[in-house]
$ cat input_3.cif   # mmCIF, C-alpha atoms and all ligand atoms
data_entry
loop_
_atom_site.group_PDB
_atom_site.id
_atom_site.type_symbol
_atom_site.label_atom_id
_atom_site.label_comp_id
_atom_site.auth_asym_id
_atom_site.auth_seq_id
_atom_site.Cartn_x
_atom_site.Cartn_y
_atom_site.Cartn_z
ATOM 1 C CA MET P 1 131.725 87.391 86.917
ATOM 2 C CA THR P 2 130.607 89.460 83.957
ATOM 3 C CA LEU P 3 131.710 93.028 83.873
ATOM 4 C CA PHE P 4 128.509 94.352 82.443
ATOM 5 C CA ALA P 5 125.988 92.283 84.394
ATOM 6 C CA LYS P 6 122.750 94.217 84.430
ATOM 7 C CA LYS P 7 120.918 94.888 87.645
ATOM 8 C CA PRO P 8 117.500 93.239 87.496
ATOM 9 C CA THR P 9 115.037 95.854 86.371
ATOM 10 C CA LEU P 10 111.441 96.284 87.380
ATOM 11 C CA ALA P 11 110.587 98.210 84.225
ATOM 12 C CA SER P 12 107.005 97.598 83.136
ATOM 13 C CA PRO P 13 105.223 98.599 79.909
ATOM 14 C CA VAL P 14 101.836 98.777 81.665
ATOM 15 C CA ARG P 15 103.106 101.132 84.368
ATOM 16 C CA GLN P 16 105.081 103.089 81.823
ATOM 17 C CA LEU P 17 101.915 103.712 79.824
ATOM 18 C CA ALA P 18 99.944 104.599 82.967
ATOM 19 C CA GLY P 19 102.586 107.184 83.829
ATOM 20 C CA ALA P 20 102.776 108.728 80.383
ATOM 21 C CA THR P 21 99.014 108.832 79.759
ATOM 22 C CA THR P 22 98.232 110.605 83.011
ATOM 23 C CA ALA P 23 101.210 112.969 82.741
ATOM 24 C CA ARG P 24 100.069 114.007 79.263
ATOM 25 C CA ARG P 25 96.562 114.655 80.511
ATOM 26 C CA LEU P 26 97.718 116.695 83.503
ATOM 27 C CA GLU P 27 100.099 118.741 81.379
ATOM 28 C CA ALA P 28 97.267 119.608 78.991
ATOM 29 C CA ASN P 29 95.188 121.020 81.874
ATOM 30 C CA PRO P 30 95.744 124.763 82.367
ATOM 31 C CA ALA P 31 94.702 124.509 86.039
ATOM 32 C CA ILE P 32 97.589 122.120 86.765
ATOM 33 C CA LYS P 33 101.211 123.040 87.395
ATOM 34 C CA ARG P 34 104.174 120.679 87.501
ATOM 35 C CA ALA P 35 106.561 121.043 90.432
ATOM 36 C CA LYS P 36 109.939 122.185 89.141
ATOM 37 C CA ILE P 37 111.879 119.053 89.991
ATOM 38 C CA ASP P 38 113.293 116.330 87.782
ATOM 39 C CA ALA P 39 113.449 113.465 90.272
ATOM 40 C CA ALA P 40 109.730 112.725 90.067
ATOM 41 C CA GLN P 41 106.561 113.791 88.239
ATOM 42 C CA VAL P 42 104.710 115.868 90.826
ATOM 43 C CA TYR P 43 101.745 118.080 89.926
ATOM 44 C CA TYR P 44 99.415 120.342 91.834
ATOM 45 C CA HIS P 45 96.037 122.020 91.396
ATOM 46 C CA LEU P 46 95.039 124.921 93.639
ATOM 47 C CA ASP P 47 91.394 125.059 94.770
ATOM 48 C CA PHE P 48 90.518 121.665 93.359
ATOM 49 C CA LEU P 49 87.800 121.515 96.013
ATOM 50 C CA ASN P 50 85.881 124.490 97.367
ATOM 51 C CA PRO P 51 85.504 125.190 101.110
ATOM 52 C CA VAL P 52 82.033 123.611 101.286
ATOM 53 C CA GLN P 53 83.246 120.372 99.691
ATOM 54 C CA CYS P 54 86.264 120.317 102.023
ATOM 55 C CA GLY P 55 84.055 120.911 105.046
ATOM 56 C CA LYS P 56 81.792 117.966 104.189
ATOM 57 C CA LEU P 57 84.758 115.613 103.900
ATOM 58 C CA VAL P 58 86.238 116.874 107.198
ATOM 59 C CA LYS P 59 82.932 116.072 108.922
ATOM 60 C CA LEU P 60 82.932 112.553 107.508
ATOM 61 C CA ILE P 61 86.509 111.982 108.685
ATOM 62 C CA ASP P 62 85.696 113.234 112.175
ATOM 63 C CA ALA P 63 82.693 110.923 112.371
ATOM 64 C CA ASN P 64 84.483 107.777 111.169
ATOM 65 C CA ARG P 65 88.131 108.073 112.193
ATOM 66 C CA ARG P 66 90.085 105.235 113.809
ATOM 67 C CA PRO P 67 93.830 104.642 114.276
ATOM 68 C CA SER P 68 95.693 104.441 110.953
ATOM 69 C CA THR P 69 97.236 101.147 109.867
ATOM 70 C CA LEU P 70 100.288 100.105 107.842
ATOM 71 C CA LEU P 71 100.931 97.321 105.358
ATOM 72 C CA SER P 72 104.547 96.738 106.309
ATOM 73 C CA ASP P 73 105.222 94.604 109.350
ATOM 74 C CA ARG P 74 108.678 96.127 109.856
ATOM 75 C CA ALA P 75 107.572 99.628 110.850
ATOM 76 C CA ASP P 76 107.610 100.735 114.458
ATOM 77 C CA ASP P 77 104.913 102.269 116.620
ATOM 78 C CA GLY P 78 105.524 105.920 115.887
ATOM 79 C CA PHE P 79 105.570 105.476 112.119
ATOM 80 C CA ARG P 80 102.003 106.421 111.283
ATOM 81 C CA THR P 81 100.266 107.973 114.234
ATOM 82 C CA SER P 82 97.349 109.643 112.475
ATOM 83 C CA GLU P 83 93.734 108.499 112.312
ATOM 84 C CA SER P 84 92.127 107.321 109.078
ATOM 85 C CA CYS P 85 88.867 106.207 107.603
ATOM 86 C CA ASP P 86 87.554 104.721 104.403
ATOM 87 C CA MET P 87 85.570 107.194 102.308
ATOM 88 C CA ASP P 88 82.714 105.197 100.789
ATOM 89 C CA ARG P 89 82.871 105.929 97.058
ATOM 90 C CA TRP P 90 79.121 105.484 96.627
ATOM 91 C CA SER P 91 78.139 107.977 99.339
ATOM 92 C CA PRO P 92 76.688 111.200 97.880
ATOM 93 C CA ASP P 93 79.204 113.329 99.823
ATOM 94 C CA VAL P 94 82.178 111.358 98.489
ATOM 95 C CA ARG P 95 81.271 110.214 94.999
ATOM 96 C CA PRO P 96 81.630 113.570 93.165
ATOM 97 C CA THR P 97 85.143 114.079 94.575
ATOM 98 C CA ASP P 98 86.148 110.470 94.012
ATOM 99 C CA GLU P 99 85.045 110.625 90.382
ATOM 100 C CA ALA P 100 86.512 114.106 89.819
ATOM 101 C CA ILE P 101 89.957 112.884 90.898
ATOM 102 C CA ALA P 102 89.840 109.881 88.561
ATOM 103 C CA SER P 103 88.691 112.097 85.716
ATOM 104 C CA LEU P 104 91.381 114.726 86.404
ATOM 105 C CA LEU P 105 94.043 112.018 86.143
ATOM 106 C CA GLY P 106 92.274 110.202 83.310
ATOM 107 C CA ILE P 107 92.349 106.888 85.152
ATOM 108 C CA ASP P 108 89.474 104.416 85.120
ATOM 109 C CA PRO P 109 87.718 104.819 88.513
ATOM 110 C CA SER P 110 87.859 101.038 88.982
ATOM 111 C CA HIS P 111 91.660 101.310 89.368
ATOM 112 C CA GLY P 112 91.232 103.549 92.410
ATOM 113 C CA GLU P 113 91.391 102.103 95.887
ATOM 114 C CA THR P 114 88.867 103.315 98.429
ATOM 115 C CA MET P 115 89.762 106.928 99.194
ATOM 116 C CA GLN P 116 91.308 107.343 102.640
ATOM 117 C CA GLY P 117 90.492 110.244 104.942
ATOM 118 C CA GLN P 118 93.259 111.146 107.375
ATOM 119 C CA ARG P 119 93.381 113.350 110.434
ATOM 120 C CA TYR P 120 96.546 114.438 112.239
ATOM 121 C CA ALA P 121 96.412 116.109 115.666
ATOM 122 C CA PRO P 122 99.480 117.982 116.996
ATOM 123 C CA GLY P 123 102.465 115.620 117.152
ATOM 124 C CA GLN P 124 100.953 113.122 114.736
ATOM 125 C CA GLN P 125 102.791 112.194 111.543
ATOM 126 C CA PHE P 126 103.296 109.676 108.764
ATOM 127 C CA ARG P 127 107.025 109.036 108.526
ATOM 128 C CA ALA P 128 108.969 108.667 105.273
ATOM 129 C CA HIS P 129 107.554 105.944 103.050
ATOM 130 C CA HIS P 130 106.816 105.024 99.454
ATOM 131 C CA ASP P 131 103.233 104.631 98.320
ATOM 132 C CA TYR P 132 104.236 101.938 95.825
ATOM 133 C CA PHE P 133 104.381 98.377 97.030
ATOM 134 C CA HIS P 134 107.752 96.832 97.762
ATOM 135 C CA GLN P 135 107.605 93.662 95.743
ATOM 136 C CA GLY P 136 109.826 91.748 98.163
ATOM 137 C CA GLU P 137 107.420 92.128 101.092
ATOM 138 C CA SER P 138 104.961 89.479 102.199
ATOM 139 C CA TYR P 139 101.894 91.570 101.322
ATOM 140 C CA TRP P 140 102.843 91.731 97.605
ATOM 141 C CA ALA P 141 101.031 88.546 96.516
ATOM 142 C CA ALA P 142 97.756 89.871 97.912
ATOM 143 C CA MET P 143 98.334 93.255 96.264
ATOM 144 C CA GLN P 144 99.063 91.602 92.928
ATOM 145 C CA ALA P 145 95.703 89.878 93.146
ATOM 146 C CA SER P 146 93.900 93.154 93.895
ATOM 147 C CA GLY P 147 95.009 95.307 90.960
ATOM 148 C CA GLY P 148 98.797 95.156 91.226
ATOM 149 C CA GLN P 149 101.229 97.996 91.732
ATOM 150 C CA ARG P 150 100.204 101.507 92.768
ATOM 151 C CA THR P 151 100.924 103.986 90.006
ATOM 152 C CA TRP P 152 99.588 107.470 90.829
ATOM 153 C CA THR P 153 98.743 109.075 94.166
ATOM 154 C CA ALA P 154 96.379 112.030 94.520
ATOM 155 C CA MET P 155 96.014 113.875 97.826
ATOM 156 C CA ILE P 156 93.824 116.819 98.754
ATOM 157 C CA TYR P 157 94.387 119.057 101.771
ATOM 158 C CA LEU P 158 91.034 119.831 103.334
ATOM 159 C CA ASN P 159 92.135 122.682 105.591
ATOM 160 C CA ASP P 160 94.932 125.117 106.346
ATOM 161 C CA VAL P 161 97.095 124.024 109.276
ATOM 162 C CA GLU P 162 98.422 126.622 111.725
ATOM 163 C CA GLU P 163 101.893 125.114 111.884
ATOM 164 C CA GLY P 164 103.546 121.927 110.629
ATOM 165 C CA GLY P 165 102.004 119.057 108.684
ATOM 166 C CA ALA P 166 103.804 119.665 105.387
ATOM 167 C CA THR P 167 104.258 116.832 102.915
ATOM 168 C CA TRP P 168 107.998 116.488 102.407
ATOM 169 C CA PHE P 169 109.802 114.637 99.607
ATOM 170 C CA PRO P 170 113.354 114.669 100.986
ATOM 171 C CA GLN P 171 115.001 113.073 97.954
ATOM 172 C CA ALA P 172 113.058 114.947 95.293
ATOM 173 C CA GLY P 173 113.529 118.168 97.259
ATOM 174 C CA ILE P 174 110.032 119.586 97.704
ATOM 175 C CA ARG P 175 107.932 120.389 100.700
ATOM 176 C CA VAL P 176 104.252 121.223 100.336
ATOM 177 C CA ALA P 177 102.427 123.109 103.079
ATOM 178 C CA PRO P 178 98.787 122.167 103.610
ATOM 179 C CA LYS P 179 96.368 124.545 101.914
ATOM 180 C CA ARG P 180 92.619 124.044 101.835
ATOM 181 C CA GLY P 181 91.461 122.664 98.493
ATOM 182 C CA LEU P 182 94.958 122.029 97.094
ATOM 183 C CA LEU P 183 95.359 118.745 95.227
ATOM 184 C CA LEU P 184 98.777 117.165 94.880
ATOM 185 C CA ALA P 185 99.343 114.247 92.489
ATOM 186 C CA TRP P 186 102.461 112.297 91.670
ATOM 187 C CA ASN P 187 103.616 109.309 89.698
ATOM 188 C CA ASN P 188 105.137 106.712 92.001
ATOM 189 C CA MET P 189 106.907 105.138 89.017
ATOM 190 C CA ASN P 190 109.807 106.247 86.839
ATOM 191 C CA PRO P 191 109.198 106.939 83.144
ATOM 192 C CA ASP P 192 110.208 103.300 82.376
ATOM 193 C CA GLY P 193 107.549 102.028 84.780
ATOM 194 C CA SER P 194 109.923 100.941 87.546
ATOM 195 C CA PRO P 195 109.266 102.145 91.122
ATOM 196 C CA ASN P 196 110.745 105.607 91.680
ATOM 197 C CA ASP P 197 112.489 105.520 95.050
ATOM 198 C CA LYS P 198 112.828 109.314 94.976
ATOM 199 C CA THR P 199 109.083 109.578 95.605
ATOM 200 C CA LEU P 200 109.880 108.857 99.251
ATOM 201 C CA HIS P 201 107.720 111.264 101.258
ATOM 202 C CA GLU P 202 106.458 111.965 104.710
ATOM 203 C CA GLY P 203 103.585 113.738 106.376
ATOM 204 C CA MET P 204 105.557 115.873 108.812
ATOM 205 C CA PRO P 205 104.276 116.226 112.372
ATOM 206 C CA VAL P 206 101.559 118.784 112.920
ATOM 207 C CA VAL P 207 102.741 121.396 115.405
ATOM 208 C CA ARG P 208 99.611 123.509 115.894
ATOM 209 C CA GLY P 209 96.118 122.879 114.580
ATOM 210 C CA THR P 210 94.662 119.738 113.035
ATOM 211 C CA LYS P 211 95.383 118.475 109.541
ATOM 212 C CA TYR P 212 92.758 116.798 107.385
ATOM 213 C CA ILE P 213 93.474 115.218 104.006
ATOM 214 C CA VAL P 214 92.083 112.646 101.627
ATOM 215 C CA THR P 215 94.395 110.308 99.737
ATOM 216 C CA LYS P 216 93.568 108.289 96.657
ATOM 217 C CA TRP P 217 95.896 105.577 95.413
ATOM 218 C CA PHE P 218 95.532 104.169 91.908
ATOM 219 C CA ARG P 219 96.551 100.671 90.813
ATOM 220 C CA GLU P 220 97.944 99.539 87.471
ATOM 221 C CA GLY P 221 94.944 97.211 87.061
ATOM 222 C CA ALA P 222 91.382 97.085 88.337
ATOM 223 C CA TRP P 223 91.131 97.223 92.120
ATOM 224 C CA LEU P 224 87.353 97.279 92.152
ATOM 225 C CA LYS P 225 85.957 93.940 91.123
ATOM 226 C CA GLY P 226 82.912 94.458 88.919
HETATM 227 O O1 LIG G 301 99.964 113.463 105.277
HETATM 228 C C1 LIG G 301 100.667 113.644 104.295
HETATM 229 O O2 LIG G 301 101.045 114.786 103.996
HETATM 230 C C2 LIG G 301 101.114 112.495 103.457
HETATM 231 C C3 LIG G 301 100.133 111.366 103.453
HETATM 232 C C4 LIG G 301 100.642 110.195 102.695
HETATM 233 O O3 LIG G 301 101.782 110.108 102.385
HETATM 234 C C5 LIG G 301 99.740 109.091 102.297
HETATM 235 O O4 LIG G 301 98.571 109.111 102.670
HETATM 236 O O5 LIG G 301 100.204 108.180 101.599
HETATM 237 FE FE FE G 302 102.113 108.384 101.126
#

$ encode --input "input_3.cif" --output "structure tokens"
Amino acid sequence: MTLFAKKPTLASPVRQLAGATTARRLEANPAIKRAKIDAAQVYYHLDFLNPVQCGKLVKLIDANRRPSTLLSDRADDGFRTSESCDMDRWSPDVRPTDEAIASLLGIDPSHGETMQGQRYAPGQQFRAHHDYFHQGESYWAAMQASGGQRTWTAMIYLNDVEEGGATWFPQAGIRVAPKRGLLLAWNNMNPDGSPNDKTLHEGMPVVRGTKYIVTKWFREGAWLKG
């Protein structure tokens, strides 16, 4: 036994750079505020979308929604009970928002997965999870081949919700109530590029009303094959 055996580290220069480059860009934007927590880099932008833009996306979600899915095979039935849909990045109602998010974060649009629309009725939720991929799980090889690890997440609330539906980061200690047009973005990695387990978060159950959001996950490499 060695006294000072190091734990294996998942530090990564590529993910480290992705974190620092986007953080620098967000911090230079006067419309962006950083959440006052140290455990993770979480930023927000009020009124990123206007009510008309939000309304168009809500309509698309309503028209295309189907039960949400999960990557992990260990999760139980009640884990993610919302409905989701793919938001076609080339559609004229989606493209401006899709490109505006990538530009806000300063990430090449090809690193962005297809934006997901999500709808939560009362009682529906997305229990605590990480957006980054757990590299020990069986899906990891496929994810590696499709752009690798997820770095940044951007989410936009498309409506106000009467009660419930907050996004809660229990370990980082913030809870964000849905607000129409509000964009929330966070780095899923630590400053050294290793996965930040304190980014654990959940979409709390909606109590009254319906919650609509779009989520955009960015990869360390190109997800879109050109
Ligand atoms: O619904 C929420 O507030 C969180 C959604 C979420 O965590 C996700 O889409 O990855
Ligand atoms: Fe998430």

$ resolve_selection --input "input_3.cif" --expression "the PyMOL selection byres (((chain P and resi 46) around 8) and not hetatm)" --output "mmCIF file with C-alpha atoms, in the coordinates of the input"
data_model
loop_
_atom_site.group_PDB
_atom_site.id
_atom_site.type_symbol
_atom_site.label_atom_id
_atom_site.label_comp_id
_atom_site.auth_asym_id
_atom_site.auth_seq_id
_atom_site.Cartn_x
_atom_site.Cartn_y
_atom_site.Cartn_z
ATOM 1 C CA ALA P 31 94.702 124.509 86.039
ATOM 2 C CA ILE P 32 97.589 122.120 86.765
ATOM 3 C CA TYR P 44 99.415 120.342 91.834
ATOM 4 C CA HIS P 45 96.037 122.020 91.396
ATOM 5 C CA ASP P 47 91.394 125.059 94.770
ATOM 6 C CA PHE P 48 90.518 121.665 93.359
ATOM 7 C CA GLY P 181 91.461 122.664 98.493
ATOM 8 C CA LEU P 182 94.958 122.029 97.094
ATOM 9 C CA LEU P 183 95.359 118.745 95.227
#

$ closest_residue --input "input_3.cif" --among "P:Glu137, P:Asp76, P:Asp197, P:Asp86" --to "Met115 of chain P" --atoms "only C-alpha atoms"
P:Asp86

$ closest_residue --input "input_3.cif" --among "P:Glu83, P:Asp160, P:Asp131, P:Glu220" --to "ligand FE 302 (chain G)" --atoms "only C-alpha atoms and all ligand atoms"
P:Asp131

$ closest_atom_pairs --input "input_3.cif" --of "chain P" --to "ligand FE 302 (chain G)" --cutoff "7 Å" --atoms "all atoms listed in the file" --output "CSV"
residue,atom,partner,partner_atom,distance
P:His129,CA,G:FE302,FE,6.3
P:His130,CA,G:FE302,FE,6.0
P:Asp131,CA,G:FE302,FE,4.8
P:His201,CA,G:FE302,FE,6.3
P:Glu202,CA,G:FE302,FE,6.7

$ write_last_selection --input "input_3.cif" --atoms "C-alpha atoms" --output "PDB file, in the frame of the given file"
ATOM      1  CA  HIS P 129     107.554 105.944 103.050  1.00  0.00           C
ATOM      2  CA  HIS P 130     106.816 105.024  99.454  1.00  0.00           C
ATOM      3  CA  ASP P 131     103.233 104.631  98.320  1.00  0.00           C
ATOM      4  CA  HIS P 201     107.720 111.264 101.258  1.00  0.00           C
ATOM      5  CA  GLU P 202     106.458 111.965 104.710  1.00  0.00           C
TER       6      GLU P 202
END

$ residues_near_ligand --input "input_3.cif" --ligand "ligand LIG 301 (chain G)" --cutoff "10 Å" --atoms "only C-alpha atoms and all ligand atoms" --output "PDB file with C-alpha atoms, in the frame of the given file"
ATOM      1  CA  SER P  68      95.693 104.441 110.953  1.00  0.00           C
ATOM      2  CA  ARG P  80     102.003 106.421 111.283  1.00  0.00           C
ATOM      3  CA  SER P  82      97.349 109.643 112.475  1.00  0.00           C
ATOM      4  CA  SER P  84      92.127 107.321 109.078  1.00  0.00           C
ATOM      5  CA  MET P 115      89.762 106.928  99.194  1.00  0.00           C
ATOM      6  CA  GLN P 116      91.308 107.343 102.640  1.00  0.00           C
ATOM      7  CA  GLY P 117      90.492 110.244 104.942  1.00  0.00           C
ATOM      8  CA  GLN P 118      93.259 111.146 107.375  1.00  0.00           C
ATOM      9  CA  ARG P 119      93.381 113.350 110.434  1.00  0.00           C
ATOM     10  CA  TYR P 120      96.546 114.438 112.239  1.00  0.00           C
ATOM     11  CA  GLN P 124     100.953 113.122 114.736  1.00  0.00           C
ATOM     12  CA  GLN P 125     102.791 112.194 111.543  1.00  0.00           C
ATOM     13  CA  PHE P 126     103.296 109.676 108.764  1.00  0.00           C
ATOM     14  CA  ARG P 127     107.025 109.036 108.526  1.00  0.00           C
ATOM     15  CA  ALA P 128     108.969 108.667 105.273  1.00  0.00           C
ATOM     16  CA  HIS P 129     107.554 105.944 103.050  1.00  0.00           C
ATOM     17  CA  HIS P 130     106.816 105.024  99.454  1.00  0.00           C
ATOM     18  CA  ASP P 131     103.233 104.631  98.320  1.00  0.00           C
ATOM     19  CA  TYR P 132     104.236 101.938  95.825  1.00  0.00           C
ATOM     20  CA  THR P 153      98.743 109.075  94.166  1.00  0.00           C
ATOM     21  CA  ALA P 154      96.379 112.030  94.520  1.00  0.00           C
ATOM     22  CA  MET P 155      96.014 113.875  97.826  1.00  0.00           C
ATOM     23  CA  ILE P 156      93.824 116.819  98.754  1.00  0.00           C
ATOM     24  CA  TYR P 157      94.387 119.057 101.771  1.00  0.00           C
ATOM     25  CA  GLY P 165     102.004 119.057 108.684  1.00  0.00           C
ATOM     26  CA  ALA P 166     103.804 119.665 105.387  1.00  0.00           C
ATOM     27  CA  THR P 167     104.258 116.832 102.915  1.00  0.00           C
ATOM     28  CA  TRP P 168     107.998 116.488 102.407  1.00  0.00           C
ATOM     29  CA  PHE P 169     109.802 114.637  99.607  1.00  0.00           C
ATOM     30  CA  ARG P 175     107.932 120.389 100.700  1.00  0.00           C
ATOM     31  CA  VAL P 176     104.252 121.223 100.336  1.00  0.00           C
ATOM     32  CA  ALA P 177     102.427 123.109 103.079  1.00  0.00           C
ATOM     33  CA  PRO P 178      98.787 122.167 103.610  1.00  0.00           C
ATOM     34  CA  LEU P 184      98.777 117.165  94.880  1.00  0.00           C
ATOM     35  CA  THR P 199     109.083 109.578  95.605  1.00  0.00           C
ATOM     36  CA  LEU P 200     109.880 108.857  99.251  1.00  0.00           C
ATOM     37  CA  HIS P 201     107.720 111.264 101.258  1.00  0.00           C
ATOM     38  CA  GLU P 202     106.458 111.965 104.710  1.00  0.00           C
ATOM     39  CA  GLY P 203     103.585 113.738 106.376  1.00  0.00           C
ATOM     40  CA  MET P 204     105.557 115.873 108.812  1.00  0.00           C
ATOM     41  CA  PRO P 205     104.276 116.226 112.372  1.00  0.00           C
ATOM     42  CA  VAL P 206     101.559 118.784 112.920  1.00  0.00           C
ATOM     43  CA  LYS P 211      95.383 118.475 109.541  1.00  0.00           C
ATOM     44  CA  TYR P 212      92.758 116.798 107.385  1.00  0.00           C
ATOM     45  CA  ILE P 213      93.474 115.218 104.006  1.00  0.00           C
ATOM     46  CA  VAL P 214      92.083 112.646 101.627  1.00  0.00           C
ATOM     47  CA  THR P 215      94.395 110.308  99.737  1.00  0.00           C
ATOM     48  CA  LYS P 216      93.568 108.289  96.657  1.00  0.00           C
ATOM     49  CA  TRP P 217      95.896 105.577  95.413  1.00  0.00           C
TER      50      TRP P 217
END

$ closest_residue --input "input_3.cif" --among "P:Leu104, P:Ala142, P:Val94, P:Ala63" --to "Asn29 of chain P" --atoms "all atoms listed in the file"
P:Leu104

$ atom_distance --input "input_3.cif" --atom1 "atom CA of Lys198 of chain P" --atom2 "atom CA of Ala185 of chain P"
14.6 Å

$ resolve_selection --input "input_3.cif" --expression "the PyMOL selection byres (((chain P and resi 13) around 12) and not hetatm)" --output "list in words"
Leu10, Ala11, Ser12, Val14, Arg15, Gln16, Leu17, Ala18, Gly19, Ala20, Thr21, Met189, Asn190, Pro191, Asp192, Gly193, Ser194 and Glu220 of chain P

$ write_last_selection --input "input_3.cif" --atoms "C-alpha atoms" --output "mmCIF file, keeping the file's coordinate frame"
data_model
loop_
_atom_site.group_PDB
_atom_site.id
_atom_site.type_symbol
_atom_site.label_atom_id
_atom_site.label_comp_id
_atom_site.auth_asym_id
_atom_site.auth_seq_id
_atom_site.Cartn_x
_atom_site.Cartn_y
_atom_site.Cartn_z
ATOM 1 C CA LEU P 10 111.441 96.284 87.380
ATOM 2 C CA ALA P 11 110.587 98.210 84.225
ATOM 3 C CA SER P 12 107.005 97.598 83.136
ATOM 4 C CA VAL P 14 101.836 98.777 81.665
ATOM 5 C CA ARG P 15 103.106 101.132 84.368
ATOM 6 C CA GLN P 16 105.081 103.089 81.823
ATOM 7 C CA LEU P 17 101.915 103.712 79.824
ATOM 8 C CA ALA P 18 99.944 104.599 82.967
ATOM 9 C CA GLY P 19 102.586 107.184 83.829
ATOM 10 C CA ALA P 20 102.776 108.728 80.383
ATOM 11 C CA THR P 21 99.014 108.832 79.759
ATOM 12 C CA MET P 189 106.907 105.138 89.017
ATOM 13 C CA ASN P 190 109.807 106.247 86.839
ATOM 14 C CA PRO P 191 109.198 106.939 83.144
ATOM 15 C CA ASP P 192 110.208 103.300 82.376
ATOM 16 C CA GLY P 193 107.549 102.028 84.780
ATOM 17 C CA SER P 194 109.923 100.941 87.546
ATOM 18 C CA GLU P 220 97.944 99.539 87.471
#

$ atom_distance --input "input_3.cif" --atom1 "atom CA of Asp38 of chain P" --atom2 "atom CA of Trp152 of chain P"
16.6 Å

$ atom_distance --input "input_3.cif" --atom1 "atom CA of Val42 of chain P" --atom2 "atom CA of Ala100 of chain P"
18.3 Å

$ resolve_selection --input "input_3.cif" --expression "the PyMOL selection byres (((chain P and resi 89) around 8) and not hetatm)" --output "NGL selection string"
:P and (87-88 or 90-91 or 94-95 or 98 or 114-115)

$ residues_near_point --input "input_3.cif" --point "(86.7, 104.7, 86.5)" --cutoff "12 Å" --atoms "only C-alpha atoms" --output "list in words"
Arg89, Arg95, Asp98, Glu99, Ala100, Ile101, Ala102, Ser103, Leu104, Leu105, Gly106, Ile107, Asp108, Pro109, Ser110, His111, Gly112, Glu113, Phe218, Arg219, Gly221, Ala222, Trp223, Leu224, Lys225 and Gly226 of chain P

$ write_last_selection --input "input_3.cif" --atoms "C-alpha atoms" --output "compact mmCIF listing (two decimals), in the coordinates of the input"
# COMPACT_ATOMS: atom_id res chain seq x y z
CA ARG P 89 82.87 105.93 97.06
CA ARG P 95 81.27 110.21 95.00
CA ASP P 98 86.15 110.47 94.01
CA GLU P 99 85.04 110.62 90.38
CA ALA P 100 86.51 114.11 89.82
CA ILE P 101 89.96 112.88 90.90
CA ALA P 102 89.84 109.88 88.56
CA SER P 103 88.69 112.10 85.72
CA LEU P 104 91.38 114.73 86.40
CA LEU P 105 94.04 112.02 86.14
CA GLY P 106 92.27 110.20 83.31
CA ILE P 107 92.35 106.89 85.15
CA ASP P 108 89.47 104.42 85.12
CA PRO P 109 87.72 104.82 88.51
CA SER P 110 87.86 101.04 88.98
CA HIS P 111 91.66 101.31 89.37
CA GLY P 112 91.23 103.55 92.41
CA GLU P 113 91.39 102.10 95.89
CA PHE P 218 95.53 104.17 91.91
CA ARG P 219 96.55 100.67 90.81
CA GLY P 221 94.94 97.21 87.06
CA ALA P 222 91.38 97.08 88.34
CA TRP P 223 91.13 97.22 92.12
CA LEU P 224 87.35 97.28 92.15
CA LYS P 225 85.96 93.94 91.12
CA GLY P 226 82.91 94.46 88.92

$ closest_residue --input "input_3.cif" --among "P:Lys56, P:Ala172, P:Arg65, P:Gly78" --to "Pro92 of chain P" --atoms "all atoms listed in the file"
P:Lys56

$ closest_residue --input "input_3.cif" --among "P:Cys54, P:Thr81, P:Ser146, P:Glu162" --to "Arg66 of chain P" --atoms "all atoms listed in the file"
P:Thr81
